[in-house]
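Below is target-v1.txt, holding compact mmCIF, C-alpha atoms.
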```
# COMPACT_ATOMS: atom_id res chain seq x y z
CA MET A 23 0.00 0.00 0.00
CA VAL A 24 2.88 2.36 0.82
CA PHE A 25 4.44 1.85 -2.62
CA LYS A 26 1.09 2.11 -4.43
CA THR A 27 0.54 5.48 -2.78
CA LEU A 28 4.03 6.69 -3.68
CA PHE A 29 3.81 5.55 -7.30
CA ALA A 30 0.37 7.11 -7.67
CA LEU A 31 1.76 10.44 -6.48
CA VAL A 32 4.78 10.50 -8.73
CA SER A 33 2.96 9.13 -11.76
CA LEU A 34 0.78 12.24 -11.86
CA VAL A 35 3.68 13.72 -13.80
CA ALA A 36 3.93 11.76 -17.06
CA PHE A 37 7.21 11.30 -18.84
CA ALA A 38 7.25 9.42 -22.11
CA GLN A 39 9.49 6.40 -22.33
CA ALA A 40 11.98 6.29 -25.16
CA ALA A 41 10.41 5.21 -28.44
CA PRO A 42 11.87 2.23 -30.29
CA ALA A 43 15.19 3.08 -31.92
CA SER A 44 14.70 4.20 -35.50
CA VAL A 45 17.73 6.37 -36.37
CA THR A 46 21.27 5.18 -37.07
CA CYS A 47 23.86 7.72 -35.93
CA PRO A 48 27.16 8.42 -37.74
CA GLY A 49 28.96 6.26 -35.16
CA GLY A 50 26.66 3.32 -35.82
CA GLN A 51 24.56 3.67 -32.68
CA THR A 52 20.78 3.66 -32.89
CA THR A 53 18.40 6.04 -31.17
CA ALA A 54 14.82 7.27 -31.46
CA ASN A 55 15.77 10.79 -32.55
CA ALA A 56 18.70 12.09 -34.60
CA ALA A 57 19.10 14.99 -32.16
CA CYS A 58 20.29 12.45 -29.59
CA CYS A 59 23.23 11.21 -31.70
CA PRO A 60 25.86 13.65 -30.32
CA LEU A 61 25.11 12.38 -26.82
CA PHE A 62 26.81 9.05 -27.49
CA ALA A 63 30.22 10.71 -27.75
CA LEU A 64 29.53 12.73 -24.59
CA ARG A 65 28.36 9.60 -22.78
CA ASP A 66 31.52 7.68 -23.64
CA ASP A 67 33.73 10.64 -22.75
CA LEU A 68 32.11 11.00 -19.33
CA LEU A 69 32.34 7.30 -18.57
CA ALA A 70 36.00 7.01 -19.54
CA ASN A 71 37.46 10.33 -18.52
CA LEU A 72 35.37 11.54 -15.58
CA PHE A 73 33.82 8.48 -13.95
CA GLU A 74 36.55 5.98 -14.90
CA ASN A 75 33.77 3.43 -15.46
CA VAL A 76 33.24 2.95 -11.71
CA CYS A 77 30.88 4.31 -9.07
CA SER A 78 33.41 7.01 -8.28
CA GLU A 79 33.39 10.16 -6.19
CA ASP A 80 32.64 12.09 -9.38
CA VAL A 81 29.46 10.03 -9.76
CA HIS A 82 28.43 10.90 -6.20
CA GLU A 83 29.14 14.58 -6.80
CA SER A 84 27.39 14.71 -10.17
CA LEU A 85 24.25 13.26 -8.65
CA ARG A 86 24.34 15.84 -5.87
CA LEU A 87 24.66 18.59 -8.47
CA THR A 88 21.45 17.52 -10.23
CA PHE A 89 19.50 18.20 -7.05
CA HIS A 90 21.21 21.45 -6.12
CA ASP A 91 20.80 22.85 -9.63
CA ALA A 92 17.15 21.84 -10.03
CA ILE A 93 15.60 22.52 -6.62
CA ALA A 94 16.82 26.15 -6.61
CA PHE A 95 13.42 27.23 -7.95
CA SER A 96 10.55 28.93 -6.15
CA PRO A 97 7.11 29.70 -7.62
CA ALA A 98 6.31 31.34 -4.28
CA LEU A 99 9.09 33.88 -4.78
CA ALA A 100 8.10 34.37 -8.43
CA ALA A 101 4.54 35.20 -7.34
CA GLN A 102 6.01 37.97 -5.18
CA GLY A 103 8.00 39.34 -8.12
CA LYS A 104 11.32 38.28 -6.58
CA PRO A 105 14.21 36.33 -8.15
CA SER A 106 13.10 32.73 -8.04
CA GLY A 107 15.64 30.59 -9.88
CA GLY A 108 15.28 28.67 -13.13
CA GLY A 109 15.20 25.10 -11.88
CA ALA A 110 17.17 22.51 -13.85
CA ASP A 111 18.84 25.13 -16.04
CA GLY A 112 22.57 24.74 -15.39
CA SER A 113 22.87 27.97 -13.42
CA GLN A 114 25.40 26.35 -11.08
CA ILE A 115 27.77 26.02 -14.06
CA ILE A 116 26.77 29.18 -15.93
CA PHE A 117 27.36 31.31 -12.80
CA PRO A 118 30.19 29.42 -11.05
CA THR A 119 31.14 32.31 -8.77
CA VAL A 120 27.60 32.79 -7.42
CA GLU A 121 25.58 29.71 -6.48
CA PRO A 122 28.53 27.40 -5.63
CA ASN A 123 29.49 29.93 -2.97
CA PHE A 124 26.21 29.59 -1.07
CA HIS A 125 26.56 27.74 2.24
CA ALA A 126 24.19 24.95 1.19
CA ASN A 127 26.36 24.34 -1.88
CA LEU A 128 29.67 23.82 -0.06
CA GLY A 129 31.78 21.48 -2.16
CA ILE A 130 29.55 21.72 -5.24
CA SER A 131 32.32 23.59 -7.07
CA ASP A 132 34.14 20.25 -7.36
CA SER A 133 31.47 18.86 -9.68
CA VAL A 134 31.00 22.21 -11.42
CA ASP A 135 34.72 22.36 -12.19
CA ALA A 136 34.78 18.70 -13.27
CA LEU A 137 31.90 19.06 -15.71
CA THR A 138 32.63 22.50 -17.18
CA PRO A 139 35.36 21.32 -19.63
CA PHE A 140 32.85 18.96 -21.26
CA LEU A 141 30.85 21.97 -22.49
CA ALA A 142 33.78 23.05 -24.66
CA LYS A 143 34.50 19.50 -25.84
CA HIS A 144 30.84 18.92 -26.75
CA PRO A 145 29.53 22.35 -27.81
CA GLY A 146 26.04 21.14 -28.68
CA ILE A 147 25.16 20.47 -25.04
CA THR A 148 23.79 23.08 -22.64
CA ALA A 149 24.83 23.33 -19.00
CA GLY A 150 21.43 22.21 -17.73
CA ASP A 151 21.42 19.18 -20.02
CA LEU A 152 25.00 18.31 -19.10
CA ILE A 153 24.25 18.25 -15.37
CA GLN A 154 21.27 15.91 -15.70
CA PHE A 155 22.86 13.74 -18.39
CA ALA A 156 26.12 13.26 -16.50
CA ALA A 157 24.37 11.99 -13.41
CA ALA A 158 22.10 9.67 -15.38
CA VAL A 159 25.13 8.19 -17.10
CA GLY A 160 27.31 8.06 -14.00
CA ILE A 161 24.98 6.19 -11.66
CA THR A 162 24.75 3.30 -14.13
CA ARG A 163 28.19 2.33 -12.77
CA CYS A 164 26.70 1.93 -9.28
CA PRO A 165 25.20 -1.58 -9.05
CA GLY A 166 21.46 -1.47 -8.40
CA ALA A 167 20.82 2.02 -9.80
CA PRO A 168 17.88 2.58 -12.16
CA ARG A 169 18.20 3.61 -15.77
CA LEU A 170 17.09 7.23 -15.50
CA ASN A 171 15.14 9.05 -18.19
CA PHE A 172 16.91 11.89 -19.98
CA LEU A 173 15.23 14.70 -21.90
CA LEU A 174 17.36 16.97 -24.12
CA GLY A 175 16.91 20.67 -24.82
CA ARG A 176 17.09 22.74 -21.63
CA PRO A 177 18.05 26.33 -22.49
CA ASN A 178 20.98 27.82 -20.62
CA ALA A 179 20.26 29.79 -17.46
CA THR A 180 20.02 33.54 -17.82
CA ALA A 181 20.42 34.39 -14.12
CA PRO A 182 21.64 32.65 -10.98
CA ALA A 183 19.17 31.36 -8.43
CA PRO A 184 18.90 33.28 -5.16
CA ASP A 185 20.37 31.94 -1.94
CA GLY A 186 18.24 30.02 0.55
CA LEU A 187 16.51 27.55 -1.79
CA ILE A 188 18.60 24.43 -1.03
CA PRO A 189 17.46 22.41 2.01
CA GLU A 190 20.23 21.80 4.56
CA PRO A 191 20.66 18.90 7.01
CA GLN A 192 20.08 21.10 10.05
CA ASP A 193 16.69 22.30 8.74
CA SER A 194 13.56 21.02 10.46
CA VAL A 195 11.49 18.39 8.69
CA ASP A 196 8.67 20.91 8.25
CA MET A 197 11.08 23.35 6.59
CA ILE A 198 12.43 20.66 4.26
CA PHE A 199 8.98 19.45 3.23
CA ALA A 200 7.78 23.02 2.63
CA ARG A 201 10.83 23.86 0.49
CA MET A 202 10.45 20.66 -1.53
CA LYS A 203 6.76 21.34 -2.06
CA ASP A 204 7.47 24.85 -3.32
CA GLY A 205 10.53 23.93 -5.37
CA GLY A 206 9.22 20.87 -7.18
CA ASN A 207 5.75 20.05 -5.82
CA PHE A 208 7.27 17.02 -4.08
CA SER A 209 5.23 15.17 -1.47
CA PRO A 210 6.89 13.90 1.73
CA ALA A 211 6.88 10.37 0.25
CA GLU A 212 8.68 11.64 -2.85
CA VAL A 213 11.28 13.34 -0.66
CA VAL A 214 12.03 9.95 0.90
CA ALA A 215 12.41 8.44 -2.59
CA LEU A 216 14.86 11.19 -3.56
CA LEU A 217 16.90 10.44 -0.44
CA ALA A 218 17.74 7.06 -1.94
CA SER A 219 20.56 9.09 -3.52
CA HIS A 220 22.25 9.10 -0.11
CA THR A 221 23.08 5.43 -0.55
CA ILE A 222 26.01 6.54 -2.73
CA ALA A 223 26.58 9.94 -1.13
CA ARG A 224 29.55 11.11 0.93
CA SER A 225 30.21 14.31 2.83
CA ASP A 226 33.26 16.59 2.73
CA HIS A 227 32.07 19.58 4.73
CA VAL A 228 29.59 18.71 7.49
CA ASP A 229 32.56 17.76 9.66
CA PRO A 230 35.54 19.82 8.43
CA THR A 231 38.03 17.41 10.03
CA ILE A 232 37.20 14.47 7.73
CA SER A 233 36.27 14.07 4.07
CA ALA A 234 34.61 11.54 1.76
CA VAL A 235 32.47 10.37 4.70
CA PRO A 236 29.79 7.87 3.56
CA PHE A 237 26.17 7.86 4.71
CA ASP A 238 25.88 4.07 4.66
CA SER A 239 28.25 1.11 4.67
CA THR A 240 27.99 0.45 0.91
CA PRO A 241 28.71 3.82 -0.75
CA PHE A 242 29.58 2.29 -4.12
CA THR A 243 26.33 0.37 -4.62
CA PHE A 244 22.87 1.84 -5.12
CA ASP A 245 21.08 -0.28 -2.54
CA THR A 246 18.65 0.03 0.37
CA GLN A 247 21.28 0.00 3.13
CA ILE A 248 20.73 3.73 3.74
CA PHE A 249 17.14 3.06 4.79
CA LEU A 250 18.23 0.36 7.21
CA GLU A 251 21.26 2.04 8.72
CA VAL A 252 19.60 5.40 9.39
CA LEU A 253 17.27 3.50 11.74
CA LEU A 254 20.12 1.95 13.75
CA LYS A 255 20.91 3.44 17.16
CA GLY A 256 23.66 6.03 17.09
CA VAL A 257 26.76 5.30 19.14
CA GLY A 258 29.31 7.95 18.17
CA PHE A 259 30.76 10.28 15.55
CA PRO A 260 33.22 9.41 12.78
CA GLY A 261 35.12 12.63 13.45
CA THR A 262 34.30 15.42 15.87
CA SER A 263 31.01 16.00 17.67
CA GLY A 264 28.94 19.18 17.73
CA ASN A 265 28.76 19.68 13.96
CA GLU A 266 25.65 21.40 12.63
CA GLY A 267 23.34 18.97 10.84
CA GLU A 268 24.99 15.79 12.18
CA VAL A 269 23.80 13.25 14.76
CA GLU A 270 25.42 10.13 16.18
CA SER A 271 26.24 7.36 13.72
CA PRO A 272 25.73 3.62 14.19
CA LEU A 273 29.09 2.90 12.50
CA PRO A 274 31.53 5.63 13.52
CA ILE A 275 34.74 3.59 13.56
CA GLY A 276 37.23 4.12 10.76
CA SER A 277 40.78 3.13 9.91
CA GLY A 278 43.04 5.58 8.14
CA GLU A 279 41.37 6.94 5.02
CA ASN A 280 38.53 4.44 5.54
CA VAL A 281 36.50 6.83 7.67
CA GLY A 282 33.39 5.80 9.57
CA GLU A 283 29.79 6.45 8.61
CA MET A 284 28.11 9.84 9.07
CA ARG A 285 24.44 10.35 9.80
CA LEU A 286 22.70 13.57 8.82
CA LEU A 287 20.16 15.10 11.16
CA SER A 288 17.72 15.48 8.26
CA ASP A 289 17.90 11.78 7.34
CA PHE A 290 17.52 10.81 11.01
CA SER A 291 14.48 13.03 11.46
CA ILE A 292 12.66 12.17 8.22
CA ALA A 293 13.11 8.46 8.94
CA ARG A 294 11.33 8.94 12.27
CA ASP A 295 8.68 11.50 11.26
CA SER A 296 5.10 10.21 11.41
CA ARG A 297 4.46 11.38 7.82
CA THR A 298 7.32 9.39 6.32
CA ALA A 299 8.45 6.70 8.78
CA CYS A 300 6.51 3.91 7.05
CA VAL A 301 7.62 4.93 3.55
CA TRP A 302 11.20 4.99 4.82
CA GLN A 303 10.98 1.57 6.45
CA ALA A 304 9.14 0.05 3.47
CA PHE A 305 12.15 0.59 1.21
CA ILE A 306 14.40 -1.65 3.33
CA ASN A 307 15.38 -4.70 1.26
CA GLN A 308 12.94 -3.69 -1.48
CA GLN A 309 15.52 -2.92 -4.16
CA ALA A 310 13.18 -2.89 -7.17
CA ALA A 311 10.61 -0.65 -5.48
CA MET A 312 13.25 1.77 -4.22
CA SER A 313 14.96 1.93 -7.61
CA GLU A 314 11.71 2.54 -9.48
CA ALA A 315 10.57 5.20 -7.02
CA PHE A 316 13.90 6.99 -7.38
CA LYS A 317 13.65 6.88 -11.17
CA LEU A 318 10.20 8.45 -11.06
CA VAL A 319 11.11 11.30 -8.73
CA MET A 320 14.33 12.00 -10.61
CA ALA A 321 12.31 12.34 -13.81
CA LYS A 322 10.30 15.00 -12.02
CA LEU A 323 13.34 16.74 -10.51
CA ALA A 324 15.21 16.84 -13.83
CA VAL A 325 12.64 19.05 -15.53
CA ILE A 326 11.84 21.55 -12.78
CA GLY A 327 11.31 24.94 -14.41
CA GLN A 328 11.33 23.46 -17.92
CA ASP A 329 8.70 23.22 -20.66
CA THR A 330 8.76 19.47 -21.32
CA SER A 331 6.87 19.90 -24.60
CA LYS A 332 10.06 21.43 -26.02
CA LEU A 333 12.37 18.64 -24.83
CA ILE A 334 13.44 15.53 -26.76
CA ASP A 335 13.46 12.10 -25.16
CA CYS A 336 16.99 10.71 -25.40
CA SER A 337 16.62 8.13 -22.64
CA ASP A 338 17.82 5.38 -24.95
CA VAL A 339 21.35 6.86 -24.87
CA ILE A 340 21.68 6.10 -21.16
CA PRO A 341 23.63 2.84 -20.62
CA THR A 342 22.08 -0.19 -19.01
CA PRO A 343 22.94 -0.03 -15.29
CA LEU A 344 24.88 -2.71 -13.46
CA PRO A 345 22.60 -5.12 -11.57
CA ALA A 346 22.17 -5.09 -7.82
CA THR A 347 24.62 -7.34 -5.99
CA LYS A 348 22.84 -8.29 -2.76
CA GLY A 349 19.96 -7.43 -0.47
CA ALA A 350 20.03 -5.40 2.72
CA THR A 351 21.83 -6.89 5.73
CA TYR A 352 22.72 -5.69 9.19
CA PRO A 353 26.36 -4.62 9.32
CA ALA A 354 28.56 -6.87 11.43
CA THR A 355 27.73 -6.65 15.18
CA LYS A 356 24.29 -5.09 14.48
CA SER A 357 20.85 -6.69 14.68
CA LYS A 358 17.14 -5.97 15.10
CA ALA A 359 17.90 -5.04 18.72
CA ASP A 360 19.74 -1.94 17.42
CA ILE A 361 16.78 -0.67 15.38
CA GLU A 362 14.82 2.40 16.43
CA GLN A 363 11.59 1.49 14.65
CA ALA A 364 9.34 4.49 14.01
CA CYS A 365 6.67 2.80 11.89
CA SER A 366 4.25 0.64 13.89
CA ALA A 367 1.94 -0.07 10.95
CA LEU A 368 4.37 -2.41 9.18
CA PRO A 369 6.37 -5.38 10.45
CA PHE A 370 10.11 -4.82 10.34
CA PRO A 371 11.79 -6.95 7.65
CA THR A 372 13.73 -10.02 8.70
CA LEU A 373 17.39 -9.60 7.74
CA SER A 374 20.63 -11.45 8.27
CA THR A 375 23.76 -9.95 9.84
CA ASP A 376 27.08 -9.74 8.02
CA PRO A 377 29.75 -11.96 9.58
CA GLY A 378 32.36 -10.45 11.84
CA ALA A 379 33.00 -9.80 15.51
CA THR A 380 33.99 -6.14 15.06
CA GLU A 381 32.27 -3.11 13.58
CA THR A 382 32.25 -2.83 9.80
CA ILE A 383 35.06 -0.74 8.31
CA ILE A 384 33.75 1.04 5.24
CA PRO A 385 36.18 1.10 2.28
CA HIS A 386 37.31 4.45 0.93
CA CYS A 387 37.81 3.13 -2.62
CA PRO A 388 35.38 1.41 -4.99
CA PRO A 389 35.92 -2.29 -5.68
CA GLY A 390 38.70 -2.80 -8.22
CA LEU A 391 40.42 0.49 -7.41
CA PRO A 392 42.73 -0.15 -4.43
CA ASN A 393 44.36 3.25 -4.91
CA CYS A 394 42.05 6.22 -5.41
CA ASP A 395 43.85 9.29 -4.16
CA ASP A 396 41.48 11.61 -6.03
CA PHE A 397 38.39 10.06 -4.40
```
Take the structure I supplied and represent it as structure tokens, if you would.
Amino acid sequence: MVFKTLFALVSLVAFAQAAPASVTCPGGQTTANAACCPLFALRDDLLANLFENVCSEDVHESLRLTFHDAIAFSPALAAQGKPSGGGADGSQIIFPTVEPNFHANLGISDSVDALTPFLAKHPGITAGDLIQFAAAVGITRCPGAPRLNFLLGRPNATAPAPDGLIPEPQDSVDMIFARMKDGGNFSPAEVVALLASHTIARSDHVDPTISAVPFDSTPFTFDTQIFLEVLLKGVGFPGTSGNEGEVESPLPIGSGENVGEMRLLSDFSIARDSRTACVWQAFINQQAAMSEAFKLVMAKLAVIGQDTSKLIDCSDVIPTPLPATKGATYPATKSKADIEQACSALPFPTLSTDPGATETIIPHCPPGLPNCDDF
């Protein structure tokens, strides 16, 4: 019932699926529309030269940029005649000395700087299209991620968005839900679906003493661990305590560059809020449902502020994602006894515990890359 409600909400916004391929591009690829042909070269360039064909830090950062670029949009401000942002328009890249300097965008300049050279190498792409396309391509290297839709044709931003439109982890749940409603007409259930992105997210700035701090124990797979681990009892901090927007983590222990897990106050609170606790819990070990819900809300996020009638569906250029590798499990030393269950309407899923007598140490590098100094 929880998933039926969520899917009904997000399906109110219809996005056409890619039509059967009917055009052969100069490089031999096939696509539904000739306008999509230049995207194949951009796709391959991003995979090889930015993402290195793995679920890298650049993938994490590119996905974060899609949200920060798109949600900076406010019909409420527009109704007052105030600057209101352009949504998914590439303003973060077009105005790199403005929005990336806002407090909520700390660290976003890394992804802005990484993507900007691709505009010159592929002059047919706009900044808004590049941001959404890069993330859709990048997360296919994270096992379990959905194949996101991609629509081509966003015009370049003409002005930066104003400050104050990006939710921050220290904001109250009411503030976050109100901002998401104004920015993209997202329901609380859809906000939970968007937070699936935190399964591959890491923080560099919440605690200034540590960097590349993951939000769950599997930061290189797009799985449901985030929904399980946010409900585990907190026992400590991976770095220092007293940081704004951070609460105790269930897995704070690290070893060298393999830092412990961080828990954001916003994730903690939304997981326990009466409006969203059951949606949050229902995603645990429900990989297909979580992946599909994320795909639907990302389709909605990616066109905030855009006239979709003027966009071209190029979803068939997005690679097929890597399959999920395993279901949700309790990290070593954790069990149902460590869960702070906030949803009484649903039974908690039965899960196994990973082997080991000591707390899980989360790897800093993706599998297959033992050395990743730039991650």
With a cut-off of 12 Å, could you pull out the residues of stretch 330-373 of chain A touching stretch 71-83 of chain A and give me the nearest pair of atoms for each, distance in Å to one decimal, using only C-alpha atoms, ordered by chain and ascending number, as a tab-separated table?
```
residue	atom	partner	partner_atom	distance
A:Pro341	CA	A:Asn75	CA	11.4
A:Pro343	CA	A:Cys77	CA	11.0
A:Leu344	CA	A:Cys77	CA	10.2
```
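Closest to A:Leu170 among A:Asp238, A:Glu314, A:Glu362, A:Asp245 is A:Glu314, based on all atoms listed in the file.
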Nearest residue to A:Ser219 from the set A:Asp289, A:Asp376, A:Asp329, A:Asp66 (distances using only C-alpha atoms) | A:Asp289
A:Leu128, A:Leu250, A:Ile93, A:Leu216: which is nearest A:Ala304, counting all atoms listed in the file?
->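 Of all the options, A:Leu250 lies closest to A:Ala304.
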Do a neighbour search on A:Thr221 at 9 Å with all atoms listed in the file, toss out local chain neighbours closer than 4 positions, and write the hits as a PyMOL selection string.
-> chain A and resi 217+236-249
Near A:Ile340, counting only C-alpha atoms, which residues have an atom at most 9 Å away, once you skip same-chain residues fewer than 2 positions from it, shown as a PDB file with C-alpha atoms, in the coordinates of the input?
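File written: around_19.pdb
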```
ATOM      1  CA  PHE A  62      26.810   9.050 -27.490  1.00  0.00           C
ATOM      2  CA  ARG A  65      28.360   9.600 -22.780  1.00  0.00           C
ATOM      3  CA  PHE A 155      22.860  13.740 -18.390  1.00  0.00           C
ATOM      4  CA  ALA A 158      22.100   9.670 -15.380  1.00  0.00           C
ATOM      5  CA  VAL A 159      25.130   8.190 -17.100  1.00  0.00           C
ATOM      6  CA  THR A 162      24.750   3.300 -14.130  1.00  0.00           C
ATOM      7  CA  ARG A 169      18.200   3.610 -15.770  1.00  0.00           C
ATOM      8  CA  LEU A 170      17.090   7.230 -15.500  1.00  0.00           C
ATOM      9  CA  ASN A 171      15.140   9.050 -18.190  1.00  0.00           C
ATOM     10  CA  PHE A 172      16.910  11.890 -19.980  1.00  0.00           C
ATOM     11  CA  CYS A 336      16.990  10.710 -25.400  1.00  0.00           C
ATOM     12  CA  SER A 337      16.620   8.130 -22.640  1.00  0.00           C
ATOM     13  CA  ASP A 338      17.820   5.380 -24.950  1.00  0.00           C
ATOM     14  CA  THR A 342      22.080  -0.190 -19.010  1.00  0.00           C
ATOM     15  CA  PRO A 343      22.940  -0.030 -15.290  1.00  0.00           C
TER      16      PRO A 343
END
```
Give me the residues within 8 Å of A:Pro189 as a PyMOL selection string, counting all atoms listed in the file and dropping any in the same chain fewer than 5 places off.
-> chain A and resi 126+197-198+201
Quote the spacing between atom CA of A:Gly166 and atom CA of A:Pro345 in Å to one decimal place.
-> 5.0 Å
A:Ile292 proximity check over A:Ala321, A:Ile326, A:Ala57, A:Val252, using all atoms listed in the file: winner is A:Val252
Is there a way to get, as a ChimeraX atom specification, all residues within 10 Å of the point (31.1, 18.7, -10.7) in file coordinates, counting all atoms listed in the file?
-> /A:72,79-88,114-115,129-138,153,156-157
Can you work out which one of A:Thr262, A:Val213, A:Gln303, A:Asp67 has the shortest atom-to-atom distance to A:Asp196, counting only C-alpha atoms?
->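 Looking at the shortest contact to A:Asp196, the residue is A:Val213.
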